[in-house]
Structure formats: structure tokens, C-alpha cells
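*Asks:* Before I ask anything, here is the structure I am working with.
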Amino acid sequence: MARKKFELEVEVHASPAFLYNYISNPSGLSEWFADNVNSRGEKFTFLWNGVEEVAYLIKTKFDEYVRFRWEDDGNTKYYFEIKIVEDELTNDVSLVVTDFAEPDEVEESRDLWLSQLEDLKHVIGSV
């Protein structure tokens, strides 16, 4: 069964440059996304409750976005992306997450992302 693409957007009170460090490097990701994160080049190892998952940084643009592909997804079209969006008129900053999930797991995946993004907001004092 093909996975379904979904997006969610959460407003975050922080500058794009500040946020980029939390979405693009192991120490920043370790504070909100996973229990621990290590990287060697484009290979990122995420640790949750003693379970390791590997993802590769497949695309990035400084202060704008990161895109990862899980090792298990190999050469598929599936990825997850965290994009920083700044409104030109209001200067409001949001994080837009794009991910893929099995059709019956989309709601659960969205809820997990929302929970993790709330953790990020708490870590950076944007609550």
C-alpha cells in the first residue's frame, strides 16, 4: 500500500537562523526530536528508547529547510522535511513538516509530529 503524503504547520516564535540549528544538526535535534542524534557526514543516527534509526540528509538549504530519507526507505520517493517559513508581511515564522505515512497511520503520525514540535517550542522558549 502506498504511503500518503501529509503536511502540518506550526507557528514558532524564533528567527529562521536560530531554528535552523535545531532542525539541522545533531545537538539541536537531540534536544527535541530524538533522545540522541549522531551524524557522520550525511548519515544521521537517531536513538529513541534504545532503538536506533538511520536517516540520510538528502537535501538542505541554510536557514530554510532540511530533508531526510530513512535508511529503510532506500531509493523510494519517501522523505521527511522540516521547512522554516517566514511571512514577508508579518515576519511570523512557522515550521512546515512534510512526511509520509500509511493511510491508516496519518493521524497518529501528525499527532507525533505535533507533540515533537511542541517539545521544540518548549526547548527554545517559544511556548
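Please note that chains go A, B, ... in the order of the C-alpha cells, that every chain numbers its residues from 1, and that ligands are numbered from 1 in the order shown.
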Do you have, as a Markdown table, the list of residues of segment 64-116 of chain A lying at most 8 Å from segment 7-29 of chain A, each with its nearest atom pair and that distance in Å to one decimal, counting only C-alpha atoms and ordered by chain then number?

*Replies:*
| residue | atom | partner | partner_atom | distance |
| --- | --- | --- | --- | --- |
| A:Glu64 | CA | A:Tyr20 | CA | 7.0 |
| A:Tyr65 | CA | A:Tyr20 | CA | 7.4 |
| A:Val66 | CA | A:Ser24 | CA | 6.4 |
| A:Ile82 | CA | A:Ile23 | CA | 7.1 |
| A:Ile84 | CA | A:Pro16 | CA | 6.3 |
| A:Val85 | CA | A:Pro16 | CA | 7.8 |
| A:Glu86 | CA | A:Pro16 | CA | 7.6 |
| A:Asp92 | CA | A:Glu11 | CA | 7.3 |
| A:Val93 | CA | A:Val12 | CA | 5.6 |
| A:Ser94 | CA | A:Glu11 | CA | 4.1 |
| A:Leu95 | CA | A:Val10 | CA | 5.4 |
| A:Val96 | CA | A:Glu9 | CA | 4.4 |
| A:Val97 | CA | A:Leu8 | CA | 5.4 |
| A:Thr98 | CA | A:Glu7 | CA | 4.5 |
| A:Asp99 | CA | A:Glu7 | CA | 6.5 |
| A:Arg110 | CA | A:Leu8 | CA | 7.3 |
| A:Leu114 | CA | A:Val10 | CA | 8.0 |

*Asks:* Using DSSP secondary structure from the backbone, list all strand (DSSP E or B) positions within chain A, as JSON, numbers by chain.

*Replies:* {"A": [4, 5, 6, 7, 8, 9, 10, 11, 36, 37, 38, 39, 40, 43, 44, 45, 46, 47, 48, 51, 52, 53, 54, 55, 56, 57, 58, 59, 60, 61, 65, 66, 67, 68, 69, 70, 80, 81, 82, 83, 84, 85, 86, 93, 94, 95, 96, 97, 98, 99, 100, 101]}

*Asks:* Would you mind writing down, as a ChimeraX atom specification, each residue of chain A that DSSP on the backbone assigns to helix (DSSP H, G or I)?

*Replies:* /A:16-24,26-30,71-73,103-124

*Asks:* Save the residues we just selected, N, CA and C atoms, as a short mmCIF file (atom, residue, chain, number, x, y, z; two decimals), in the first residue's frame?

*Replies:*
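Result saved to out_16.cif:
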data_model
loop_
_atom_site.label_atom_id
_atom_site.label_comp_id
_atom_site.auth_asym_id
_atom_site.auth_seq_id
_atom_site.Cartn_x
_atom_site.Cartn_y
_atom_site.Cartn_z
N PRO A 16 14.61 32.41 11.84
CA PRO A 16 14.99 31.27 11.00
C PRO A 16 16.41 30.77 11.29
N ALA A 17 17.35 31.67 11.49
CA ALA A 17 18.74 31.25 11.75
C ALA A 17 18.83 30.44 13.04
N PHE A 18 18.11 30.88 14.07
CA PHE A 18 18.09 30.18 15.35
C PHE A 18 17.45 28.80 15.18
N LEU A 19 16.32 28.73 14.51
CA LEU A 19 15.61 27.46 14.30
C LEU A 19 16.42 26.47 13.48
N TYR A 20 17.14 26.96 12.49
CA TYR A 20 17.88 26.08 11.60
C TYR A 20 18.84 25.18 12.38
N ASN A 21 19.46 25.72 13.43
CA ASN A 21 20.36 24.90 14.25
C ASN A 21 19.63 23.75 14.93
N TYR A 22 18.37 23.94 15.26
CA TYR A 22 17.60 22.90 15.94
C TYR A 22 17.06 21.84 14.98
N ILE A 23 17.02 22.12 13.70
CA ILE A 23 16.50 21.13 12.75
C ILE A 23 17.59 20.49 11.89
N SER A 24 18.81 21.03 11.95
CA SER A 24 19.83 20.57 11.01
C SER A 24 21.04 19.90 11.63
N PRO A 26 22.97 17.55 14.89
CA PRO A 26 22.68 16.52 15.90
C PRO A 26 22.38 17.08 17.29
N SER A 27 23.13 18.07 17.74
CA SER A 27 22.89 18.57 19.10
C SER A 27 21.52 19.24 19.19
N GLY A 28 21.12 19.99 18.17
CA GLY A 28 19.80 20.61 18.17
C GLY A 28 18.69 19.59 18.09
N LEU A 29 18.83 18.59 17.21
CA LEU A 29 17.81 17.54 17.07
C LEU A 29 17.70 16.70 18.34
N SER A 30 18.81 16.53 19.06
CA SER A 30 18.79 15.76 20.31
C SER A 30 17.98 16.43 21.39
N GLU A 71 16.80 5.26 6.16
CA GLU A 71 17.59 4.21 5.52
C GLU A 71 16.69 3.09 4.99
N ASP A 72 15.67 2.72 5.73
CA ASP A 72 14.75 1.65 5.32
C ASP A 72 13.97 2.00 4.05
N ASP A 73 13.87 3.29 3.73
CA ASP A 73 13.13 3.70 2.54
C ASP A 73 13.98 3.68 1.28
N PRO A 103 -1.84 5.12 5.05
CA PRO A 103 -3.10 5.85 5.14
C PRO A 103 -3.80 5.75 6.50
N ASP A 104 -3.73 4.58 7.13
CA ASP A 104 -4.39 4.42 8.43
C ASP A 104 -3.54 4.92 9.60
N GLU A 105 -2.34 5.46 9.30
CA GLU A 105 -1.45 5.95 10.36
C GLU A 105 -1.17 7.45 10.24
N VAL A 106 -1.83 8.14 9.30
CA VAL A 106 -1.57 9.56 9.08
C VAL A 106 -1.89 10.37 10.34
N GLU A 107 -3.03 10.15 10.94
CA GLU A 107 -3.42 10.92 12.13
C GLU A 107 -2.43 10.71 13.26
N GLU A 108 -2.03 9.47 13.47
CA GLU A 108 -1.06 9.15 14.52
C GLU A 108 0.29 9.83 14.23
N SER A 109 0.71 9.83 12.99
CA SER A 109 1.97 10.47 12.61
C SER A 109 1.89 11.99 12.79
N ARG A 110 0.77 12.57 12.41
CA ARG A 110 0.57 14.02 12.61
C ARG A 110 0.64 14.37 14.10
N ASP A 111 -0.02 13.56 14.92
CA ASP A 111 -0.02 13.81 16.36
C ASP A 111 1.39 13.71 16.94
N LEU A 112 2.17 12.74 16.46
CA LEU A 112 3.54 12.58 16.93
C LEU A 112 4.37 13.81 16.55
N TRP A 113 4.23 14.27 15.31
CA TRP A 113 4.96 15.47 14.88
C TRP A 113 4.54 16.68 15.71
N LEU A 114 3.25 16.83 15.93
CA LEU A 114 2.77 17.97 16.72
C LEU A 114 3.35 17.93 18.13
N SER A 115 3.42 16.75 18.71
CA SER A 115 4.00 16.59 20.04
C SER A 115 5.48 16.96 20.04
N GLN A 116 6.20 16.49 19.03
CA GLN A 116 7.63 16.80 18.95
C GLN A 116 7.85 18.30 18.73
N LEU A 117 7.03 18.92 17.89
CA LEU A 117 7.18 20.35 17.64
C LEU A 117 6.84 21.16 18.90
N GLU A 118 5.91 20.68 19.70
CA GLU A 118 5.63 21.34 20.98
C GLU A 118 6.84 21.22 21.90
N ASP A 119 7.52 20.06 21.86
CA ASP A 119 8.76 19.90 22.64
C ASP A 119 9.80 20.91 22.18
N LEU A 120 9.93 21.09 20.87
CA LEU A 120 10.88 22.07 20.33
C LEU A 120 10.53 23.46 20.83
N LYS A 121 9.27 23.83 20.74
CA LYS A 121 8.85 25.16 21.19
C LYS A 121 9.17 25.36 22.68
N HIS A 122 8.98 24.33 23.45
CA HIS A 122 9.28 24.42 24.89
C HIS A 122 10.79 24.61 25.10
N VAL A 123 11.62 23.84 24.36
CA VAL A 123 13.07 23.91 24.49
C VAL A 123 13.59 25.32 24.16
N ILE A 124 13.03 25.93 23.13
CA ILE A 124 13.54 27.24 22.70
C ILE A 124 12.80 28.41 23.37
#

*Asks:* Tell me, in Å to one decimal, how far atom CA of Thr45 of chain A is from atom CA of Gly74 of chain A.

*Replies:*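 Atom-to-atom, atom CA of Thr45 of chain A and atom CA of Gly74 of chain A are spaced 15.2 Å apart.
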
*Asks:* Leaving out Glu42 of chain A and any residue of its chain fewer than 3 positions from it, which residues lie within 8 Å of it when counting only C-alpha atoms, given as number ranges by chain?

*Replies:* A: 39, 56-58

*Asks:* Write a file of the selected residues as an mmCIF file, in the first residue's frame, keeping N, CA, C and O atoms.

*Replies:*
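Produced file selection08.cif, reproduced below:
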data_model
loop_
_atom_site.group_PDB
_atom_site.id
_atom_site.type_symbol
_atom_site.label_atom_id
_atom_site.label_comp_id
_atom_site.auth_asym_id
_atom_site.auth_seq_id
_atom_site.Cartn_x
_atom_site.Cartn_y
_atom_site.Cartn_z
ATOM 1 N N SER A 39 25.862 12.156 13.888
ATOM 2 C CA SER A 39 25.973 12.207 12.424
ATOM 3 C C SER A 39 27.407 11.991 11.992
ATOM 4 O O SER A 39 28.348 12.325 12.709
ATOM 5 N N TYR A 56 19.300 9.688 6.108
ATOM 6 C CA TYR A 56 20.313 10.429 5.362
ATOM 7 C C TYR A 56 19.783 11.807 5.016
ATOM 8 O O TYR A 56 18.633 11.943 4.577
ATOM 9 N N LEU A 57 20.620 12.805 5.237
ATOM 10 C CA LEU A 57 20.288 14.167 4.849
ATOM 11 C C LEU A 57 20.433 14.230 3.336
ATOM 12 O O LEU A 57 21.531 14.110 2.805
ATOM 13 N N ILE A 58 19.296 14.353 2.629
ATOM 14 C CA ILE A 58 19.347 14.285 1.167
ATOM 15 C C ILE A 58 19.256 15.661 0.514
ATOM 16 O O ILE A 58 19.588 15.809 -0.657
#

*Asks:* Rank nothing, just name the residue among A:Val127, A:Ala101, A:Asn38, A:Asn75 nearest to Arg3 of chain A, using only C-alpha atoms.

*Replies:*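 Closest residue, counting only C-alpha atoms: A:Ala101.
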
*Asks:* Atom CA of Asn36 of chain A and atom CA of Glu102 of chain A, how far apart in Å?

*Replies:* 25.8 Å

*Asks:* Hey, can you check how far atom CA of Lys4 of chain A sits from atom CA of Tyr79 of chain A?

*Replies:*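 Atom-to-atom, atom CA of Lys4 of chain A to atom CA of Tyr79 of chain A, that is 11.4 Å.
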
*Asks:* Considering only C-alpha atoms, can you say which of A:Lys77, A:Lys83, A:Lys5, A:Lys43 comes closest to Phe62 of chain A?

*Replies:*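 That would be A:Lys83, the residue with the smallest distance to Phe62 of chain A.
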
*Asks:* Compile the contact shell of Trp48 of chain A as a PyMOL selection string: residues with an atom at most 10 Å away, counting only C-alpha atoms, same-chain residues fewer than 4 positions apart removed.

*Replies:* chain A and resi 33-37+52-53

*Asks:* Those selected residues, please, written with all heavy atoms and delivered as a short mmCIF file (atom, residue, chain, number, x, y, z; two decimals), in the first residue's frame.

*Replies:*
data_model
loop_
_atom_site.label_atom_id
_atom_site.label_comp_id
_atom_site.auth_asym_id
_atom_site.auth_seq_id
_atom_site.Cartn_x
_atom_site.Cartn_y
_atom_site.Cartn_z
N PHE A 33 13.88 16.16 19.04
CA PHE A 33 13.39 15.19 18.07
C PHE A 33 13.63 13.75 18.50
O PHE A 33 12.79 12.89 18.28
CB PHE A 33 14.04 15.46 16.70
CG PHE A 33 13.51 14.61 15.60
CD1 PHE A 33 12.23 14.81 15.10
CD2 PHE A 33 14.28 13.60 15.05
CE1 PHE A 33 11.73 14.03 14.07
CE2 PHE A 33 13.78 12.82 14.02
CZ PHE A 33 12.51 13.03 13.53
N ALA A 34 14.78 13.50 19.10
CA ALA A 34 15.14 12.14 19.50
C ALA A 34 15.91 12.21 20.81
O ALA A 34 16.36 13.28 21.22
CB ALA A 34 16.00 11.47 18.42
N ASP A 35 16.07 11.05 21.47
CA ASP A 35 16.83 11.01 22.72
C ASP A 35 18.29 11.37 22.49
O ASP A 35 18.91 12.02 23.32
CB ASP A 35 16.75 9.61 23.35
CG ASP A 35 15.32 9.22 23.71
OD1 ASP A 35 14.49 10.13 23.95
OD2 ASP A 35 15.04 8.01 23.75
N ASN A 36 18.83 10.93 21.35
CA ASN A 36 20.20 11.24 20.99
C ASN A 36 20.32 11.18 19.47
O ASN A 36 19.63 10.39 18.82
CB ASN A 36 21.17 10.25 21.65
CG ASN A 36 22.61 10.73 21.57
OD1 ASN A 36 22.87 11.92 21.39
ND2 ASN A 36 23.55 9.81 21.70
N VAL A 37 21.18 12.02 18.92
CA VAL A 37 21.41 12.05 17.47
C VAL A 37 22.90 12.19 17.23
O VAL A 37 23.57 13.02 17.83
CB VAL A 37 20.67 13.24 16.81
CG1 VAL A 37 20.89 13.23 15.29
CG2 VAL A 37 19.18 13.21 17.13
N GLU A 52 17.75 2.38 17.49
CA GLU A 52 18.41 3.25 16.52
C GLU A 52 17.70 3.22 15.18
O GLU A 52 17.29 2.16 14.71
CB GLU A 52 19.86 2.79 16.28
CG GLU A 52 20.83 3.23 17.30
CD GLU A 52 22.27 2.93 16.90
OE1 GLU A 52 22.53 2.36 15.81
OE2 GLU A 52 23.16 3.25 17.70
N GLU A 53 17.58 4.39 14.58
CA GLU A 53 17.06 4.53 13.22
C GLU A 53 18.04 5.42 12.47
O GLU A 53 18.50 6.44 13.01
CB GLU A 53 15.68 5.17 13.21
CG GLU A 53 14.59 4.34 13.85
CD GLU A 53 14.17 3.14 13.02
OE1 GLU A 53 14.39 3.14 11.80
OE2 GLU A 53 13.62 2.19 13.61
#

*Asks:* Find the residue from A:Trp70, A:Asp87, A:Glu31, A:Lys61 that sits nearest to Phe44 of chain A; use only C-alpha atoms when measuring.

*Replies:*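 Closest residue, counting only C-alpha atoms: A:Trp70.
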